[in-house]
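**Q** Here it is, the structure in full.
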Amino acid sequence: MVGRFLLYLAVFTASYAVKAELYVFPAPSPEATSYTLNTEIALYEEQTLSAIEQKNIDLLIKDTYQTLDKSNATSALSEINQRYEGTLPAWLYSAIKRCEDWFDRTEGNISCRNGALYDYWAEYVQGKHDLSRREVRRLARVARIAEVNFNDDNSVAFASPIQWDLSEFTASLAVDRIAHYLSSINIRSYHISAQGLETHASNQGFSWQGTVAQEAVIQNGRATDAVSNPSTIAYIRPWQRPVLSTSKLASLEKGVFSHSDGWPSAKFQAISVADNAFEAMLLAHFSATKTAQQAMELVNANPSLALKLIDENGRVFTSNTYTARTSGKNKAEKNGHAISIDITLPLFDIADYRGPYVSVWISDEKNRLVKSLALRGTGERWLGELRTWWRRVGRKNEGLVDGFAGATKKNAPLHIEWDGLDDFGKSANSSSLILHVEVAREHGGRSYEKIPFTFDSLTSPITVTGTDEIASITLSLMN
């Protein structure tokens with residue numbers, strides 16, 4: 001499906017004025033449907049597009065959708081799906097290869113291989129068969145274990161169970177191709193917004209616009225310390241979107257496909273930031289279906305990514321890089337309310353050593369929860385052994401374990417960066433706070449430490465030596 005693209009020059013809400021011009025790709029049509037995708041491009045610094053440049057963008061958008069159209073037997077994607085090999089346009093080869101990189105990085109939890117799975121869901125939505133979770137898992141598995149080989153001549157060969165499908169990412173790939181073209185014609189300052197999929201790209205740190213600006217980010221006007229690298233925000237609201245939708249039908253089920261097992265999930269609204277739109281959307285899909293700690297571990301290990309998650313109860317989880325990537329100034333740092341927490345755990349010389357369950361949270365002086373920071377372990381039996389955490393936090397917050405907890409990691413140290421905001425994204429205004437760290441190990445011991453502090457008291461780091469299951473804890477202000 002080729003969407004109708006609206007290209008126009010927007011006016012900032014900031015204090016300075018920017019001239020605006022209106023471009024339409026293609027011209028408005030009375031046949032437009034609710035599935036029409038609108039893309040807006042704002043150009044700044046008195047930049048304009050010639051008629052030829054406008055035509056080139058129009059052709060580029062159409063080419064992206066036509067190339068990825070599986071219903072067209074002659075499209076490049078359909079042809080390789082039919083032959084299980086082929087040479088691709090450079091941009092599509094790069095996209096599939098990058099998706100495979102994410103497939104490896106996430107252990108199969110992000111995939112562009114699931115065309116057969118999407119076809120199965122489409123047939124179910126059309127009423128051709130009942131939905132079998134067993135069959136869904138089988139289709140996801142056979143695609144996951146098949147081998148793929150990439151060659152230097154932009155060709156790819158793969159096993160027959162794979163059917164490539166990039167329909168979830170078509171708009172983001174179109175945004176990236178537009179951004180590349182604008183750079184090639186020396187357009188220096190732009191903002192691209194594919195509002196149908198809440199994908200926004202900017203190369204100058206300009207204000208994010210539209211719904212995302214209102215609900216997700218903190219940036220107003222042009223940032224004084226804006227980075228020169230392109231950056232993109234992608235936004236997914238899993239409770240509001242059908243699992244599968246086309247111009248003619250939509251599933252009653254809501255959520256985002258978990259690429260590893262083919263079943264819809266809707267743990268979080270995901271607002272993801274990356275250097276390009278495609279990777280931002282890949283990250284958003286991954287993060288909407290995984291626990292907060294799984295997603296944050298992936299993001300915090302990669303400085304080019306940033307992430308904000310919001311669960312159904314309004315709890316907010318942000319990566320260490322989110323504030324800096326979405327605002328001109330890191331407000332938490334400027335207010336002295338960003339702290340780092342480092343926790344080391346001992347390793348016992350035990351043959352059957354089991355990684356401990358760990359909970360880290362901040363409360364006010366009356367032990368009311370301010371912020372959940374970390375939770376290692378998912379088994380309810382042993383989470384209950386974190387007795388203080390369970391009594392004060394766990395049993396009072398249904399759904400926290402399912403959406404937040406991550407796997408145990410033996411004695412791997414914890415490094416946590418807290419931006420000074422509570423579980424619902426508001427400033428922690430209490431003048432006196434308490435850091436709680438509790439550790440319990442199967443067939444082992446249990447340790448609990450609490451450290452009272454104020455932001456003003458952290459002019460010098462606070463270090464506490466623990467006992468048994470906790471080696472040490474250090475709190476310090478972030479530079």
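Residues are named by chain letter and number: chains run A, B, ... in the order of the structure tokens, numbers start at 1 in each chain, and ligands are numbered from 1 in the order shown.
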At a cut-off of 12 Å, using only C-alpha atoms, what residues contact Gln126 of chain A? Leave out same-chain residues fewer than 5 positions from it and give the result as a VMD selection string.

**A** chain A and resid 119 to 121 131 244 to 246 248 to 252

**Q** Can you tell me which residues surround Ser287 of chain A at a distance of at most 8 Å, considering only C-alpha atoms, apart from same-chain residues fewer than 3 positions away, and format the answer as JSON, numbers by chain?

**A** {"A": [268, 270, 283, 284, 290, 291, 292, 295, 309]}

**Q** Take the selection from the previous step and output its residues with N, CA, C and O atoms, as a PDB file, in the first residue's frame.

**A**
ATOM      1  N   PHE A 268       3.886  -2.333  27.510  1.00  0.00           N
ATOM      2  CA  PHE A 268       4.226  -0.923  27.676  1.00  0.00           C
ATOM      3  C   PHE A 268       3.881  -0.097  26.453  1.00  0.00           C
ATOM      4  O   PHE A 268       3.945  -0.583  25.324  1.00  0.00           O
ATOM      5  N   ALA A 270       5.779   2.432  24.345  1.00  0.00           N
ATOM      6  CA  ALA A 270       7.219   2.548  24.150  1.00  0.00           C
ATOM      7  C   ALA A 270       7.530   3.792  23.331  1.00  0.00           C
ATOM      8  O   ALA A 270       6.988   3.980  22.246  1.00  0.00           O
ATOM      9  N   LEU A 283      13.389  -0.932  18.022  1.00  0.00           N
ATOM     10  CA  LEU A 283      13.491  -0.862  19.470  1.00  0.00           C
ATOM     11  C   LEU A 283      12.105  -0.731  20.108  1.00  0.00           C
ATOM     12  O   LEU A 283      11.819  -1.354  21.143  1.00  0.00           O
ATOM     13  N   ALA A 284      11.234   0.063  19.516  1.00  0.00           N
ATOM     14  CA  ALA A 284       9.887   0.240  20.069  1.00  0.00           C
ATOM     15  C   ALA A 284       9.128  -1.084  20.080  1.00  0.00           C
ATOM     16  O   ALA A 284       8.446  -1.411  21.055  1.00  0.00           O
ATOM     17  N   LYS A 290       8.558  -6.713  26.062  1.00  0.00           N
ATOM     18  CA  LYS A 290       9.471  -7.285  27.047  1.00  0.00           C
ATOM     19  C   LYS A 290       9.323  -6.578  28.390  1.00  0.00           C
ATOM     20  O   LYS A 290       8.660  -5.554  28.504  1.00  0.00           O
ATOM     21  N   THR A 291       9.968  -7.119  29.418  1.00  0.00           N
ATOM     22  CA  THR A 291       9.927  -6.429  30.704  1.00  0.00           C
ATOM     23  C   THR A 291      10.795  -5.177  30.630  1.00  0.00           C
ATOM     24  O   THR A 291      11.674  -5.049  29.772  1.00  0.00           O
ATOM     25  N   ALA A 292      10.540  -4.262  31.548  1.00  0.00           N
ATOM     26  CA  ALA A 292      11.284  -3.005  31.550  1.00  0.00           C
ATOM     27  C   ALA A 292      12.774  -3.250  31.693  1.00  0.00           C
ATOM     28  O   ALA A 292      13.589  -2.610  31.005  1.00  0.00           O
ATOM     29  N   ALA A 295      14.399  -4.521  28.445  1.00  0.00           N
ATOM     30  CA  ALA A 295      14.546  -3.448  27.464  1.00  0.00           C
ATOM     31  C   ALA A 295      15.643  -2.473  27.865  1.00  0.00           C
ATOM     32  O   ALA A 295      16.467  -2.062  27.044  1.00  0.00           O
ATOM     33  N   LEU A 309       9.378   3.944  28.831  1.00  0.00           N
ATOM     34  CA  LEU A 309       8.272   3.006  28.862  1.00  0.00           C
ATOM     35  C   LEU A 309       7.228   3.471  29.869  1.00  0.00           C
ATOM     36  O   LEU A 309       7.570   4.001  30.926  1.00  0.00           O
TER      37      LEU A 309
END

**Q** Ranking A:Ser359, A:Gln163, A:Thr87, A:Ser132 by minimum distance to Thr408 of chain A and counting only C-alpha atoms, which one comes first?

**A** A:Ser359

**Q** Write down as a list of chain:residue names the residues of segment 105-157 of chain A whose backbone DSSP state falls under alpha helix (DSSP H).

**A**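 Alpha helix (DSSP H) members of segment 105-157 of chain A, listed: A:Arg105, A:Gly115, A:Ala116, A:Leu117, A:Tyr118, A:Asp119, A:Tyr120, A:Trp121, A:Ala122, A:Glu123, A:Tyr124, A:Val125, A:Arg133, A:Arg134, A:Glu135, A:Val136, A:Arg137, A:Arg138, A:Leu139, A:Ala140, A:Arg141, A:Val142, A:Ala143, A:Arg144, A:Ile145.
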
**Q** Now that the selection is made, can you save its residues with N, CA and C atoms as an mmCIF file, in the first residue's frame?

**A**
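Done, and the output landed in selection_37.cif:
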data_model
loop_
_atom_site.group_PDB
_atom_site.id
_atom_site.type_symbol
_atom_site.label_atom_id
_atom_site.label_comp_id
_atom_site.auth_asym_id
_atom_site.auth_seq_id
_atom_site.Cartn_x
_atom_site.Cartn_y
_atom_site.Cartn_z
ATOM 1 N N ARG A 105 21.172 -9.712 18.293
ATOM 2 C CA ARG A 105 21.370 -8.968 19.537
ATOM 3 C C ARG A 105 20.293 -9.284 20.560
ATOM 4 N N GLY A 115 7.084 -13.444 7.819
ATOM 5 C CA GLY A 115 6.037 -13.253 6.825
ATOM 6 C C GLY A 115 4.968 -14.328 6.859
ATOM 7 N N ALA A 116 5.378 -15.592 7.047
ATOM 8 C CA ALA A 116 4.403 -16.682 7.113
ATOM 9 C C ALA A 116 3.497 -16.528 8.334
ATOM 10 N N LEU A 117 4.062 -16.046 9.419
ATOM 11 C CA LEU A 117 3.283 -15.804 10.628
ATOM 12 C C LEU A 117 2.251 -14.705 10.402
ATOM 13 N N TYR A 118 2.652 -13.593 9.761
ATOM 14 C CA TYR A 118 1.705 -12.520 9.467
ATOM 15 C C TYR A 118 0.598 -13.009 8.532
ATOM 16 N N ASP A 119 0.953 -13.856 7.553
ATOM 17 C CA ASP A 119 -0.057 -14.396 6.645
ATOM 18 C C ASP A 119 -1.071 -15.254 7.409
ATOM 19 N N TYR A 120 -0.581 -16.026 8.366
ATOM 20 C CA TYR A 120 -1.464 -16.867 9.168
ATOM 21 C C TYR A 120 -2.446 -16.002 9.959
ATOM 22 N N TRP A 121 -1.941 -14.932 10.577
ATOM 23 C CA TRP A 121 -2.810 -14.026 11.327
ATOM 24 C C TRP A 121 -3.810 -13.340 10.391
ATOM 25 N N ALA A 122 -3.376 -12.969 9.184
ATOM 26 C CA ALA A 122 -4.281 -12.311 8.238
ATOM 27 C C ALA A 122 -5.412 -13.257 7.838
ATOM 28 N N GLU A 123 -5.094 -14.530 7.624
ATOM 29 C CA GLU A 123 -6.129 -15.509 7.284
ATOM 30 C C GLU A 123 -7.104 -15.703 8.443
ATOM 31 N N TYR A 124 -6.584 -15.658 9.678
ATOM 32 C CA TYR A 124 -7.456 -15.753 10.852
ATOM 33 C C TYR A 124 -8.403 -14.550 10.909
ATOM 34 N N VAL A 125 -7.872 -13.356 10.690
ATOM 35 C CA VAL A 125 -8.712 -12.154 10.733
ATOM 36 C C VAL A 125 -9.769 -12.194 9.635
ATOM 37 N N ARG A 133 -2.634 -21.172 19.089
ATOM 38 C CA ARG A 133 -1.380 -20.681 19.655
ATOM 39 C C ARG A 133 -0.236 -21.633 19.348
ATOM 40 N N ARG A 134 -0.518 -22.909 19.298
ATOM 41 C CA ARG A 134 0.516 -23.884 18.960
ATOM 42 C C ARG A 134 1.058 -23.648 17.560
ATOM 43 N N GLU A 135 0.173 -23.389 16.604
ATOM 44 C CA GLU A 135 0.617 -23.147 15.233
ATOM 45 C C GLU A 135 1.378 -21.828 15.125
ATOM 46 N N VAL A 136 0.927 -20.821 15.854
ATOM 47 C CA VAL A 136 1.623 -19.535 15.864
ATOM 48 C C VAL A 136 3.053 -19.716 16.357
ATOM 49 N N ARG A 137 3.220 -20.450 17.449
ATOM 50 C CA ARG A 137 4.561 -20.697 17.977
ATOM 51 C C ARG A 137 5.413 -21.490 16.986
ATOM 52 N N ARG A 138 4.793 -22.465 16.310
ATOM 53 C CA ARG A 138 5.552 -23.261 15.339
ATOM 54 C C ARG A 138 6.070 -22.395 14.199
ATOM 55 N N LEU A 139 5.215 -21.540 13.664
ATOM 56 C CA LEU A 139 5.629 -20.671 12.565
ATOM 57 C C LEU A 139 6.762 -19.736 12.989
ATOM 58 N N ALA A 140 6.647 -19.199 14.203
ATOM 59 C CA ALA A 140 7.706 -18.321 14.700
ATOM 60 C C ALA A 140 9.007 -19.096 14.872
ATOM 61 N N ARG A 141 8.917 -20.334 15.348
ATOM 62 C CA ARG A 141 10.123 -21.116 15.611
ATOM 63 C C ARG A 141 10.838 -21.504 14.318
ATOM 64 N N VAL A 142 10.084 -21.980 13.310
ATOM 65 C CA VAL A 142 10.761 -22.416 12.081
ATOM 66 C C VAL A 142 11.443 -21.238 11.391
ATOM 67 N N ALA A 143 10.863 -20.057 11.502
ATOM 68 C CA ALA A 143 11.524 -18.872 10.940
ATOM 69 C C ALA A 143 12.753 -18.503 11.753
ATOM 70 N N ARG A 144 12.668 -18.681 13.068
ATOM 71 C CA ARG A 144 13.758 -18.274 13.949
ATOM 72 C C ARG A 144 15.010 -19.124 13.763
ATOM 73 N N ILE A 145 14.865 -20.417 13.467
ATOM 74 C CA ILE A 145 16.028 -21.302 13.415
ATOM 75 C C ILE A 145 16.614 -21.448 12.016
#

**Q** Can you measure atom CA of Arg237 of chain A to atom CA of Ala306 of chain A for me? One decimal in Å is fine.

**A**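 These atoms are spaced 17.1 Å apart.
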
**Q** Near Phe257 of chain A, counting only C-alpha atoms, which residues have an atom at most 9 Å away, once you skip same-chain residues fewer than 2 positions from it, shown as a list in words?

**A** Val243, Leu244, Gly255, His259, Ser260, Asp261, Gly262, Trp263, Pro264, Ser265, Ala266, His285 and Thr289 of chain A

**Q** How would you write, as an MDAnalysis selection string, the set of residues in segment 229-435 of chain A that DSSP gives as strand (DSSP E)?

**A** chainID A and resid 231:236 256:257 264:265 269:274 306:310 316:318 339:344 357:364 369:376 414:418 433:435

**Q** Just the number, please: distance in Å from atom CA of Ile57 of chain A to atom CA of Ser193 of chain A, one decimal.

**A**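 One can read the atom CA of Ile57 of chain A to atom CA of Ser193 of chain A distance as 14.3 Å.
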
**Q** Using only C-alpha atoms, which residue out of A:Pro238, A:Pro346, A:Gly406, A:Gly466 lies closest to Leu375 of chain A?

**A**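 For Leu375 of chain A, the nearest of the given residues is A:Gly406.
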
**Q** I'd like the neighbourhood of Gln82 of chain A as a PyMOL selection string, where a residue qualifies if any of its atoms comes within 10 Å (using only C-alpha atoms), though same-chain residues fewer than 5 positions away should be ignored.

**A** chain A and resi 73+77+160+163

**Q** Do you have the atom CA of Asp423 of chain A-atom CA of Lys371 of chain A distance handy?

**A**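 Between these atoms lies a distance of 4.8 Å.
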
**Q** Choose the residue, out of A:Asp364, A:Asp69, A:Glu297, A:Glu147, that has the smallest atom-to-atom separation from Glu168 of chain A; count only C-alpha atoms.

**A**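 Of the candidates, the smallest distance to Glu168 of chain A is held by A:Asp69.
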
**Q** So, with only C-alpha atoms as the atoms that count, which of A:Glu40, A:Asp176, A:Asp153, A:Asp104 lies closest to Pro89 of chain A?

**A** A:Asp153
